[in-house]
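Visitor: Next comes entry01.cif, mmCIF, C-alpha atoms:
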data_final
#
loop_
_atom_site.group_PDB
_atom_site.id
_atom_site.type_symbol
_atom_site.label_atom_id
_atom_site.label_comp_id
_atom_site.auth_asym_id
_atom_site.auth_seq_id
_atom_site.Cartn_x
_atom_site.Cartn_y
_atom_site.Cartn_z
ATOM 1 C CA MET A 882 -98.610 200.257 60.306
ATOM 2 C CA ALA A 883 -99.521 203.275 58.213
ATOM 3 C CA TYR A 884 -96.981 205.809 57.043
ATOM 4 C CA LYS A 885 -97.384 208.997 59.007
ATOM 5 C CA SER A 886 -95.475 212.244 58.637
ATOM 6 C CA ALA A 887 -95.993 215.965 58.898
ATOM 7 C CA ALA A 888 -94.678 216.393 55.343
ATOM 8 C CA ALA A 889 -97.306 214.008 54.013
ATOM 9 C CA ASN A 890 -100.033 215.930 55.844
ATOM 10 C CA LYS A 891 -98.874 219.245 54.357
ATOM 11 C CA GLU A 892 -98.714 217.718 50.884
ATOM 12 C CA ALA A 893 -102.206 216.273 51.238
ATOM 13 C CA ILE A 894 -103.600 219.675 52.241
ATOM 14 C CA ASN A 895 -102.002 221.212 49.142
ATOM 15 C CA HIS A 896 -103.560 218.512 46.963
ATOM 16 C CA LEU A 897 -106.970 219.130 48.482
ATOM 17 C CA THR A 898 -106.524 222.808 47.678
ATOM 18 C CA ASN A 899 -105.574 222.003 44.079
ATOM 19 C CA LEU A 900 -108.659 219.810 43.752
ATOM 20 C CA HIS A 901 -110.865 222.773 44.754
ATOM 21 C CA VAL A 902 -112.173 220.929 47.819
ATOM 22 C CA ASP A 903 -114.757 222.756 49.912
ATOM 23 C CA ASN A 904 -113.108 225.072 52.471
ATOM 24 C CA GLN A 905 -114.946 223.420 55.358
ATOM 25 C CA VAL A 906 -113.580 220.035 54.381
ATOM 26 C CA ARG A 907 -110.061 221.412 53.948
ATOM 27 C CA HIS A 908 -110.221 223.071 57.366
ATOM 28 C CA HIS A 909 -111.489 219.791 58.830
ATOM 29 C CA PHE A 910 -108.478 218.000 57.322
ATOM 30 C CA GLN A 911 -106.082 220.655 58.688
ATOM 31 C CA HIS A 912 -107.649 220.327 62.130
ATOM 32 C CA ALA A 913 -107.195 216.546 62.031
ATOM 33 C CA CYS A 914 -103.514 216.944 61.170
ATOM 34 C CA ALA A 915 -102.938 219.570 63.860
ATOM 35 C CA SER A 916 -104.645 217.550 66.599
ATOM 36 C CA ASN A 917 -102.966 214.280 65.656
ATOM 37 C CA GLN A 918 -99.361 214.334 64.440
ATOM 38 C CA SER A 919 -99.662 210.676 63.422
ATOM 39 C CA PHE A 920 -102.329 211.290 60.781
ATOM 40 C CA SER A 921 -102.067 208.569 58.132
ATOM 41 C CA GLN A 922 -100.645 209.386 54.748
ATOM 42 C CA GLY A 923 -103.245 208.672 52.103
ATOM 43 C CA LEU A 924 -101.789 210.478 49.116
ATOM 44 C CA ASP A 925 -98.589 210.398 47.109
ATOM 45 C CA ASN A 926 -96.595 212.619 44.799
ATOM 46 C CA SER A 927 -98.502 211.778 41.620
ATOM 47 C CA ILE A 928 -102.050 212.063 42.867
ATOM 48 C CA ASP A 929 -103.417 213.706 39.742
ATOM 49 C CA THR A 930 -102.638 210.722 37.496
ATOM 50 C CA GLN A 931 -105.380 208.503 38.965
ATOM 51 C CA LEU A 932 -107.828 210.829 40.711
ATOM 52 C CA VAL A 933 -110.592 212.833 39.046
ATOM 53 C CA GLU A 934 -112.830 215.530 40.553
ATOM 54 C CA PRO A 935 -116.505 214.524 40.659
ATOM 55 C CA PRO A 936 -118.764 217.585 40.078
ATOM 56 C CA TYR A 937 -120.192 217.533 43.623
ATOM 57 C CA LEU A 938 -118.306 214.955 45.698
ATOM 58 C CA HIS A 939 -114.969 216.740 45.336
ATOM 59 C CA LYS A 940 -116.396 219.423 47.648
ATOM 60 C CA LEU A 941 -116.686 216.742 50.344
ATOM 61 C CA GLY A 942 -113.088 215.592 49.964
ATOM 62 C CA ILE A 943 -114.056 212.587 47.834
ATOM 63 C CA ALA A 944 -112.329 211.851 44.539
ATOM 64 C CA TYR A 945 -112.923 209.283 41.801
ATOM 65 C CA ASN A 946 -110.036 206.836 41.291
ATOM 66 C CA THR A 947 -110.014 205.778 37.654
ATOM 67 C CA MET A 948 -107.905 202.653 38.246
ATOM 68 C CA LEU A 949 -110.120 201.024 40.882
ATOM 69 C CA PRO A 950 -112.629 202.423 39.748
ATOM 70 C CA ALA A 951 -114.280 203.782 42.917
ATOM 71 C CA PHE A 952 -114.815 206.859 45.069
ATOM 72 C CA VAL A 953 -112.032 207.532 47.584
ATOM 73 C CA CYS A 954 -112.249 209.639 50.747
ATOM 74 C CA LEU A 955 -109.023 211.630 50.639
ATOM 75 C CA ILE A 956 -109.204 212.374 54.365
ATOM 76 C CA CYS A 957 -109.625 208.770 55.563
ATOM 77 C CA GLY A 958 -107.654 207.121 52.765
ATOM 78 C CA ILE A 959 -110.318 204.478 52.050
ATOM 79 C CA VAL A 960 -112.821 203.598 49.329
ATOM 80 C CA ILE A 961 -116.383 204.806 49.932
ATOM 81 C CA GLN A 962 -119.219 202.783 48.405
ATOM 82 C CA PRO A 963 -121.926 205.001 46.825
ATOM 83 C CA SER A 964 -124.681 203.992 49.247
ATOM 84 C CA HIS A 965 -122.417 204.723 52.229
ATOM 85 C CA ILE A 966 -121.323 208.267 51.300
ATOM 86 C CA VAL A 967 -123.989 210.145 53.289
ATOM 87 C CA GLU A 968 -123.484 207.930 56.337
ATOM 88 C CA HIS A 969 -119.687 208.272 56.094
ATOM 89 C CA ILE A 970 -119.780 212.087 55.996
ATOM 90 C CA LYS A 971 -122.261 212.167 58.879
ATOM 91 C CA ASN A 972 -120.423 209.715 61.148
ATOM 92 C CA LYS A 973 -116.748 210.278 60.300
ATOM 93 C CA HIS A 974 -116.625 213.982 59.440
ATOM 94 C CA THR A 975 -119.168 215.591 61.729
ATOM 95 C CA GLU A 976 -116.655 218.320 62.626
ATOM 96 C CA SER A 977 -116.617 219.566 59.031
ATOM 97 C CA GLY A 978 -120.192 220.819 59.345
ATOM 98 C CA ILE A 979 -120.987 219.561 55.850
ATOM 99 C CA VAL A 980 -124.466 218.177 55.156
ATOM 100 C CA ALA A 981 -124.303 215.843 52.154
ATOM 101 C CA ASP A 982 -126.885 216.386 49.421
ATOM 102 C CA ARG A 983 -128.281 212.972 48.461
ATOM 103 C CA GLU A 984 -129.581 214.202 45.111
ATOM 104 C CA LEU A 985 -126.244 215.619 43.990
ATOM 105 C CA ILE A 986 -124.446 212.493 45.221
ATOM 106 C CA ALA A 987 -126.801 210.352 43.126
ATOM 107 C CA GLN A 988 -125.937 212.441 40.065
ATOM 108 C CA ASP A 989 -122.204 211.829 40.557
ATOM 109 C CA VAL A 990 -122.792 208.109 41.109
ATOM 110 C CA GLN A 991 -124.846 207.945 37.902
ATOM 111 C CA LEU A 992 -122.193 209.930 36.024
ATOM 112 C CA TYR A 993 -119.513 207.306 36.726
ATOM 113 C CA GLY A 994 -121.864 204.316 36.732
ATOM 114 C CA LEU A 995 -120.617 202.967 40.068
ATOM 115 C CA SER A 996 -122.256 200.390 42.324
ATOM 116 C CA ASP A 997 -121.506 199.155 45.848
ATOM 117 C CA GLN A 998 -119.671 196.150 44.409
ATOM 118 C CA LEU A 999 -115.924 196.734 44.779
ATOM 119 C CA PRO A 1000 -113.225 194.877 42.844
ATOM 120 C CA SER A 1001 -111.744 191.796 44.516
ATOM 121 C CA MET A 1002 -108.027 192.076 45.230
ATOM 122 C CA ASP A 1003 -105.809 189.024 45.014
ATOM 123 C CA LEU A 1004 -102.285 188.809 46.440
ATOM 124 C CA THR A 1005 -100.529 189.731 43.197
ATOM 125 C CA PRO A 1006 -98.536 192.973 43.693
ATOM 126 C CA ARG A 1007 -99.984 195.883 41.697
ATOM 127 C CA PRO A 1008 -99.278 199.619 41.417
ATOM 128 C CA ALA A 1009 -100.477 201.482 44.497
ATOM 129 C CA PHE A 1010 -103.892 203.126 44.318
ATOM 130 C CA GLN A 1011 -103.630 206.844 44.901
ATOM 131 C CA GLY A 1012 -105.782 208.196 47.693
ATOM 132 C CA LEU A 1013 -105.612 204.982 49.753
ATOM 133 C CA THR A 1014 -103.493 204.842 52.893
ATOM 134 C CA MET A 1015 -100.184 203.011 52.527
ATOM 135 C CA HIS A 1016 -99.409 200.428 55.227
ATOM 136 C CA THR A 1017 -96.443 198.269 56.176
ATOM 137 C CA ALA A 1018 -97.308 194.561 56.052
ATOM 138 C CA LEU A 1019 -95.475 191.295 56.644
ATOM 139 C CA LYS A 1020 -95.222 188.725 53.836
ATOM 140 C CA CYS A 1021 -95.340 185.021 54.626
ATOM 141 C CA ILE A 1022 -92.152 183.158 53.676
ATOM 142 C CA ALA A 1023 -94.069 180.061 52.567
ATOM 143 C CA CYS A 1024 -97.098 181.461 50.700
ATOM 144 C CA PRO A 1025 -98.376 184.772 49.274
ATOM 145 C CA LYS A 1026 -100.386 185.707 52.408
ATOM 146 C CA ILE A 1027 -99.705 189.081 54.046
ATOM 147 C CA TYR A 1028 -100.685 190.455 57.446
ATOM 148 C CA VAL A 1029 -100.190 193.813 59.126
ATOM 149 C CA ALA A 1030 -100.153 192.425 62.682
ATOM 150 C CA ARG A 1031 -97.244 190.171 63.681
ATOM 151 C CA SER A 1032 -99.573 188.119 65.916
ATOM 152 C CA SER A 1033 -101.798 187.366 62.904
ATOM 153 C CA MET A 1034 -98.787 186.216 60.887
ATOM 154 C CA ILE A 1035 -97.632 183.898 63.695
ATOM 155 C CA LYS A 1036 -101.123 182.412 63.972
ATOM 156 C CA HIS A 1037 -101.276 181.890 60.193
ATOM 157 C CA HIS A 1038 -97.853 180.212 60.169
ATOM 158 C CA ASN A 1039 -98.701 177.842 63.023
ATOM 159 C CA ILE A 1040 -101.921 176.743 61.281
ATOM 160 C CA GLU A 1041 -100.905 176.625 57.611
ATOM 161 C CA HIS A 1042 -97.178 175.798 57.822
ATOM 162 C CA LYS A 1043 -96.822 173.479 60.819
ATOM 163 C CA GLY A 1044 -93.794 171.692 59.392
ATOM 164 C CA ILE A 1045 -91.759 174.887 59.030
ATOM 165 C CA PRO A 1046 -90.142 176.524 62.091
ATOM 166 C CA VAL A 1047 -91.621 179.930 62.893
ATOM 167 C CA PRO A 1048 -89.146 182.544 61.627
ATOM 168 C CA SER A 1049 -87.962 185.378 63.840
ATOM 169 C CA SER A 1050 -88.972 187.940 61.215
ATOM 170 C CA TRP A 1051 -90.782 188.297 57.895
ATOM 171 C CA PRO A 1052 -90.112 190.516 54.849
ATOM 172 C CA ALA A 1053 -91.748 193.944 55.161
ATOM 173 C CA ILE A 1054 -93.725 195.126 52.124
ATOM 174 C CA HIS A 1055 -96.129 197.911 51.144
ATOM 175 C CA ALA A 1056 -99.835 197.127 51.335
ATOM 176 C CA GLN A 1057 -103.231 198.810 51.060
ATOM 177 C CA GLN A 1058 -106.849 197.960 51.883
ATOM 178 C CA LEU A 1059 -110.058 199.226 50.302
ATOM 179 C CA ASN A 1060 -111.925 199.969 53.529
ATOM 180 C CA HIS A 1061 -112.266 198.888 57.155
ATOM 181 C CA ALA A 1062 -115.420 196.802 56.721
ATOM 182 C CA LEU A 1063 -116.320 194.094 54.183
ATOM 183 C CA TYR A 1064 -113.286 194.872 51.993
ATOM 184 C CA LYS A 1065 -110.711 195.202 54.776
ATOM 185 C CA SER A 1066 -108.264 192.547 53.531
ATOM 186 C CA PHE A 1067 -104.802 193.894 52.774
ATOM 187 C CA PHE A 1068 -103.187 193.388 49.375
ATOM 188 C CA PRO A 1069 -99.571 194.029 48.298
ATOM 189 C CA VAL A 1070 -98.815 197.078 46.190
ATOM 190 C CA ILE A 1071 -95.857 198.561 44.347
ATOM 191 C CA PRO A 1072 -95.300 202.079 45.707
ATOM 192 C CA PRO A 1073 -94.511 205.037 43.485
ATOM 193 C CA ALA A 1074 -90.920 206.201 43.203
ATOM 194 C CA GLY A 1075 -89.785 208.019 46.308
ATOM 195 C CA ALA A 1076 -92.264 206.328 48.669
ATOM 196 C CA PRO A 1077 -91.031 205.653 52.225
ATOM 197 C CA VAL A 1078 -89.351 202.320 52.881
ATOM 198 C CA PRO A 1079 -91.404 200.059 55.200
ATOM 199 C CA HIS A 1080 -90.443 200.820 58.802
ATOM 200 C CA ALA A 1081 -89.222 197.344 59.741
ATOM 201 C CA GLN A 1082 -87.182 197.006 56.554
ATOM 202 C CA ALA A 1083 -85.627 200.440 57.134
ATOM 203 C CA ILE A 1084 -84.374 199.300 60.550
ATOM 204 C CA ILE A 1085 -82.873 196.146 59.042
ATOM 205 C CA ASP A 1086 -81.175 198.154 56.283
ATOM 206 C CA ASN A 1087 -79.670 200.523 58.857
ATOM 207 C CA ILE A 1088 -78.311 197.623 60.917
ATOM 208 C CA GLU A 1089 -76.794 195.967 57.828
ATOM 209 C CA ALA A 1090 -75.216 199.256 56.773
ATOM 210 C CA ALA A 1091 -73.712 199.714 60.244
ATOM 211 C CA MET A 1092 -72.302 196.177 60.170
ATOM 212 C CA LEU A 1093 -70.695 196.767 56.784
ATOM 213 C CA ALA A 1094 -69.117 199.968 58.082
ATOM 214 C CA ILE A 1095 -67.217 198.080 60.814
ATOM 215 C CA ASP A 1096 -63.553 197.553 59.906
ATOM 216 C CA GLY A 1097 -62.337 193.997 60.226
ATOM 217 C CA LYS A 1098 -64.191 190.972 61.500
ATOM 218 C CA PRO A 1099 -65.950 190.891 64.857
ATOM 219 C CA SER A 1100 -63.833 189.257 67.512
ATOM 220 C CA GLY A 1101 -66.732 187.068 68.638
ATOM 221 C CA HIS A 1102 -68.141 186.509 72.096
ATOM 222 C CA ARG A 1103 -65.688 185.078 74.600
ATOM 223 C CA LEU A 1104 -67.486 183.314 77.415
ATOM 224 C CA ASP A 1105 -65.965 183.536 80.881
ATOM 225 C CA PRO A 1106 -65.451 179.928 82.079
ATOM 226 C CA ARG A 1107 -66.478 181.020 85.585
ATOM 227 C CA LEU A 1108 -69.984 181.736 84.289
ATOM 228 C CA VAL A 1109 -70.556 178.103 83.262
ATOM 229 C CA SER A 1110 -72.387 176.357 86.097
ATOM 230 C CA PRO A 1111 -71.012 173.120 87.593
ATOM 231 C CA TRP A 1112 -74.329 171.469 86.701
ATOM 232 C CA LEU A 1113 -73.742 172.114 82.987
ATOM 233 C CA LYS A 1114 -70.182 170.842 83.272
ATOM 234 C CA SER A 1115 -71.256 167.629 84.998
ATOM 235 C CA ASN A 1116 -74.098 166.676 82.668
ATOM 236 C CA ARG A 1117 -72.193 167.760 79.527
ATOM 237 C CA TRP A 1118 -75.432 169.180 78.076
ATOM 238 C CA LEU A 1119 -73.588 171.639 75.840
ATOM 239 C CA GLU A 1120 -71.626 168.806 74.244
ATOM 240 C CA LEU A 1121 -74.831 166.851 73.570
ATOM 241 C CA ILE A 1122 -76.573 169.688 71.718
ATOM 242 C CA LYS A 1123 -73.510 171.035 69.908
ATOM 243 C CA ASP A 1124 -73.976 171.132 66.108
ATOM 244 C CA LYS A 1125 -77.478 169.645 66.389
ATOM 245 C CA PRO A 1126 -79.975 170.984 63.788
ATOM 246 C CA ILE A 1127 -82.523 173.394 65.207
ATOM 247 C CA HIS A 1128 -85.487 171.244 64.165
ATOM 248 C CA GLU A 1129 -84.046 168.259 66.086
ATOM 249 C CA LEU A 1130 -83.565 170.334 69.234
ATOM 250 C CA ARG A 1131 -87.140 171.571 69.005
ATOM 251 C CA ALA A 1132 -88.393 168.020 68.548
ATOM 252 C CA MET A 1133 -86.575 166.985 71.736
ATOM 253 C CA VAL A 1134 -88.522 169.451 73.885
ATOM 254 C CA ALA A 1135 -91.842 169.279 72.012
ATOM 255 C CA PRO A 1136 -94.884 167.854 73.855
ATOM 256 C CA LEU A 1137 -95.429 164.154 73.299
ATOM 257 C CA GLN A 1138 -97.915 163.117 70.637
ATOM 258 C CA PRO A 1139 -100.596 160.522 71.502
ATOM 259 C CA ASN A 1140 -98.788 157.864 69.451
ATOM 260 C CA GLU A 1141 -95.347 158.443 71.050
ATOM 261 C CA PHE A 1142 -94.042 156.385 74.010
ATOM 262 C CA SER A 1143 -97.403 154.736 74.560
ATOM 263 C CA GLN A 1144 -96.010 152.705 77.500
ATOM 264 C CA LEU A 1145 -94.438 155.688 79.259
ATOM 265 C CA VAL A 1146 -97.491 156.743 81.275
ATOM 266 C CA PRO A 1147 -98.259 153.198 82.558
ATOM 267 C CA ALA A 1148 -94.565 152.765 83.463
ATOM 268 C CA VAL A 1149 -94.576 155.968 85.539
ATOM 269 C CA HIS A 1150 -97.785 154.894 87.242
ATOM 270 C CA ARG A 1151 -96.199 151.526 88.124
ATOM 271 C CA LEU A 1152 -93.112 153.297 89.460
ATOM 272 C CA PHE A 1153 -95.191 155.459 91.787
ATOM 273 C CA GLN A 1154 -97.304 152.485 92.866
ATOM 274 C CA GLY A 1155 -94.184 150.478 93.668
ATOM 275 C CA SER A 1156 -92.804 153.362 95.721
ATOM 276 C CA GLU A 1157 -96.008 153.585 97.739
ATOM 277 C CA ASP A 1158 -95.926 149.829 98.388
ATOM 278 C CA MET A 1159 -92.408 150.197 99.860
ATOM 279 C CA PHE A 1160 -93.385 152.843 102.427
ATOM 280 C CA ASP A 1161 -94.055 150.168 105.040
ATOM 281 C CA LEU A 1162 -90.476 148.886 104.653
ATOM 282 C CA VAL A 1163 -88.809 152.291 105.177
ATOM 283 C CA PRO A 1164 -87.694 153.106 108.761
ATOM 284 C CA GLU A 1165 -89.787 155.771 110.485
ATOM 285 C CA LEU A 1166 -86.806 158.108 111.015
ATOM 286 C CA ILE A 1167 -86.105 158.215 107.279
ATOM 287 C CA LEU A 1168 -89.764 158.929 106.531
ATOM 288 C CA GLN A 1169 -89.651 161.831 108.986
ATOM 289 C CA ARG A 1170 -86.600 163.271 107.262
ATOM 290 C CA LEU A 1171 -88.247 162.872 103.846
ATOM 291 C CA ASN A 1172 -91.295 164.740 105.112
ATOM 292 C CA THR A 1173 -89.224 167.640 106.538
ATOM 293 C CA PRO A 1174 -88.899 170.766 104.328
ATOM 294 C CA ASP A 1175 -85.191 171.192 105.188
ATOM 295 C CA PRO A 1176 -83.744 168.192 107.022
ATOM 296 C CA ALA A 1177 -80.320 169.864 107.385
ATOM 297 C CA LYS A 1178 -81.803 172.483 109.759
ATOM 298 C CA THR A 1179 -83.779 170.076 111.962
#
Using structure tokens, write down the structure that the file contains.
Guide:
Amino acid sequence: MAYKSAAANKEAINHLTNLHVDNQVRHHFQHACASNQSFSQGLDNSIDTQLVEPPYLHKLGIAYNTMLPAFVCLICGIVIQPSHIVEHIKNKHTESGIVADRELIAQDVQLYGLSDQLPSMDLTPRPAFQGLTMHTALKCIACPKIYVARSSMIKHHNIEHKGIPVPSSWPAIHAQQLNHALYKSFFPVIPPAGAPVPHAQAIIDNIEAAMLAIDGKPSGHRLDPRLVSPWLKSNRWLELIKDKPIHELRAMVAPLQPNEFSQLVPAVHRLFQGSEDMFDLVPELILQRLNTPDPAKT
């Protein structure tokens, strides 16, 4: 999930103005914000501390991040490799009407000595890179891995941490990615002061604050005895599972492994075979009743 807000869009437009970005590019950015209220935030309050204006590329909305180091598209919030700049402007920003000059781009690339090789990002938290979109990610409780999609985190947990029960939630952290292609892996970052709290964590904080604001202790849930079915009362299932650890309860209902109850299947087969052999001994009237959908109505 990327942080998205109208205030961030307005701030980004002001930053583009301060960086002397070409008017066509700035108008293209404004149009993107106006047509899509959920435009991703790719900038923060201290943009000038990391970003430098390349002589030509700044007119295309591309800045040079000194900490990466790499070129960053301020509109898309991703890193642009030097050999991909012309293609990126042509395919992603056609509405701007800008035609990139390959010769001038080559001069900027030579000025900063950049190549298409981008730095590899491990899972050690680092200060956020300005110009890149900030996302909300989930951090694994058993290893440093992070994922933006909950489904990806569940899949990772089931494969890498089979012995640990799947949690109902994971810590929400800030994360960034270099681009959406070869370098699309997310890495954790430390946001600048005043950055938005991850959405999921904000919800949890609000719930905890509301709970603390309640005077006294909750009275607890009182179950109406009339809602307990006679079946549960007769088999005493609730008494059997009371105070049982969660992992034991899960083991009770888990599918059988190949090495468990090896004689169970043959025993069931023998039971069915024995029942079939007794059909000839059962009176015909009883067999008719057994074969009737609802004997009480016939």
Visitor: Skipping near chain neighbours, those fewer than 6 positions away, what residues fall within 7 Å of region 957-967 of chain A using all atoms listed in the file, listed as a ChimeraX atom specification?
Guide: /A:923,951,981,990,996-997,1012-1014,1059-1060
Visitor: With only C-alpha atoms as the basis for distance, which of A:Leu1063, A:Ile1054, A:Ile1071, A:Ala1135 is at the shortest distance from Pro1025 (chain A)?
Guide: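 With only C-alpha atoms as the atom set, the closest residue is A:Ile1054.
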Visitor: Could you give me, as a PDB file with C-alpha atoms, keeping the file's coordinate frame, the residues within 9 Å of Lys1020 (chain A), counting all atoms listed in the file and dropping anything in the same chain fewer than 4 positions from it?
Guide:
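For reference, part_13.pdb as written:
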ATOM      1  CA  CYS A1024     -97.098 181.461  50.700  1.00  0.00           C
ATOM      2  CA  PRO A1025     -98.376 184.772  49.274  1.00  0.00           C
ATOM      3  CA  LYS A1026    -100.386 185.707  52.408  1.00  0.00           C
ATOM      4  CA  ILE A1027     -99.705 189.081  54.046  1.00  0.00           C
ATOM      5  CA  TYR A1028    -100.685 190.455  57.446  1.00  0.00           C
ATOM      6  CA  VAL A1029    -100.190 193.813  59.126  1.00  0.00           C
ATOM      7  CA  MET A1034     -98.787 186.216  60.887  1.00  0.00           C
ATOM      8  CA  TRP A1051     -90.782 188.297  57.895  1.00  0.00           C
ATOM      9  CA  PRO A1052     -90.112 190.516  54.849  1.00  0.00           C
ATOM     10  CA  ALA A1053     -91.748 193.944  55.161  1.00  0.00           C
ATOM     11  CA  ILE A1054     -93.725 195.126  52.124  1.00  0.00           C
ATOM     12  CA  PRO A1069     -99.571 194.029  48.298  1.00  0.00           C
TER      13      PRO A1069
END
Visitor: Provide the CA of Asn1140 (chain A) to CA of Val1047 (chain A) distance in Å, to one decimal place.
Guide: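 Taking CA of Asn1140 (chain A) and CA of Val1047 (chain A), their separation equals 24.1 Å.
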Visitor: Nearest residue to Ala1009 (chain A) out of A:Leu1168, A:Val1070, A:Ala987, A:Met948, using all atoms listed in the file?
Guide: A:Val1070
Visitor: Just how far from CA of Asn946 (chain A) is CA of Met1015 (chain A), in Å to one decimal?
Guide: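 Atom-to-atom, CA of Met1015 (chain A) and CA of Asn946 (chain A) are spaced 15.4 Å apart.
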Visitor: If you measure from CA of Glu1129 (chain A) to CA of Leu1019 (chain A), what distance in Å do you get, rounded to one decimal?
Guide: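 Interatomic distance, CA of Glu1129 (chain A) to CA of Leu1019 (chain A): 27.4 Å.
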Visitor: Output the residue selection produced by the PyMOL selection byres ((chain A and resi 947) around 10) on the file above, formatted as a list in words.
Guide: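 Given this file, the PyMOL selection byres ((chain A and resi 947) around 10) evaluates to Thr930, Gln931, Leu932, Val933, Ala944, Tyr945, Asn946, Met948, Leu949, Pro950, Ala951, Phe952, Tyr993, Phe1010 and Gln1011 of chain A.
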Visitor: My list of candidates is A:Lys940, A:Arg1007, A:His1061, A:His1016. Which is closest to Val980 (chain A) when distances are computed with all atoms listed in the file?
Guide: A:Lys940
Visitor: Report as AutoDock Vina command-line options the centre and the edge lengths, in Å to one decimal, of the axis-aligned box holding every listed atom of region 1049-1067 of chain A, padded by 4 Å on each side.
Guide:
--center_x -102.1 --center_y 192.7 --center_z 57.1 --size_x 36.4 --size_y 22.6 --size_z 21.5
Visitor: Ranking A:Gly994, A:Pro1008, A:Pro1147, A:Gly942 by minimum distance to Ile956 (chain A) and counting only C-alpha atoms, which one comes first?
Guide: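 Answer, going by the shortest atom-to-atom distance: A:Gly942.
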Visitor: Out of A:Leu941, A:Ala1056, A:Leu1162, A:Ala1030, which residue has the shortest atom-to-atom distance to Met1002 (chain A) when counting only C-alpha atoms?
Guide: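 That would be A:Ala1056, the residue with the smallest distance to Met1002 (chain A).
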Visitor: Counting all atoms listed in the file, which residue out of A:Gln1057, A:Ser977, A:Ser1110, A:Gln988 sits closest to Pro1006 (chain A)?
Guide: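 Using all atoms listed in the file, the shortest distance to Pro1006 (chain A) belongs to A:Gln1057.
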Visitor: Please complete region 1014-1026 of chain A so it has N, CA, C and O atoms, and hand it over as a compact mmCIF listing (two decimals), in the frame of the given file.
Guide:
# COMPACT_ATOMS: atom_id res chain seq x y z
N THR A 1014 -104.59 204.83 51.94
CA THR A 1014 -103.49 204.84 52.89
C THR A 1014 -102.51 203.72 52.60
O THR A 1014 -102.91 202.60 52.27
N MET A 1015 -101.22 204.02 52.72
CA MET A 1015 -100.18 203.01 52.53
C MET A 1015 -99.80 202.44 53.89
O MET A 1015 -99.58 203.17 54.84
N HIS A 1016 -99.74 201.10 53.98
CA HIS A 1016 -99.41 200.43 55.23
C HIS A 1016 -98.15 199.59 55.05
O HIS A 1016 -97.76 199.25 53.93
N THR A 1017 -97.52 199.24 56.17
CA THR A 1017 -96.44 198.27 56.18
C THR A 1017 -97.02 196.92 56.58
O THR A 1017 -97.68 196.82 57.61
N ALA A 1018 -96.79 195.90 55.77
CA ALA A 1018 -97.31 194.56 56.05
C ALA A 1018 -96.17 193.56 56.06
O ALA A 1018 -95.06 193.84 55.60
N LEU A 1019 -96.44 192.39 56.62
CA LEU A 1019 -95.48 191.30 56.64
C LEU A 1019 -95.90 190.23 55.63
O LEU A 1019 -97.07 189.87 55.57
N LYS A 1020 -94.93 189.75 54.85
CA LYS A 1020 -95.22 188.72 53.84
C LYS A 1020 -94.78 187.35 54.33
O LYS A 1020 -93.65 187.19 54.80
N CYS A 1021 -95.66 186.40 54.21
CA CYS A 1021 -95.34 185.02 54.63
C CYS A 1021 -94.20 184.48 53.77
O CYS A 1021 -94.14 184.72 52.56
N ILE A 1022 -93.30 183.70 54.41
CA ILE A 1022 -92.15 183.16 53.68
C ILE A 1022 -92.51 181.89 52.90
O ILE A 1022 -91.74 181.44 52.07
N ALA A 1023 -93.70 181.33 53.18
CA ALA A 1023 -94.07 180.06 52.57
C ALA A 1023 -95.26 180.15 51.62
O ALA A 1023 -95.57 179.19 50.92
N CYS A 1024 -95.95 181.29 51.59
CA CYS A 1024 -97.10 181.46 50.70
C CYS A 1024 -97.31 182.96 50.47
O CYS A 1024 -96.65 183.78 51.11
N PRO A 1025 -98.22 183.35 49.59
CA PRO A 1025 -98.38 184.77 49.27
C PRO A 1025 -99.11 185.59 50.34
O PRO A 1025 -99.24 186.81 50.18
N LYS A 1026 -99.59 184.99 51.41
CA LYS A 1026 -100.39 185.71 52.41
C LYS A 1026 -99.60 186.86 53.04
O LYS A 1026 -98.38 186.76 53.24
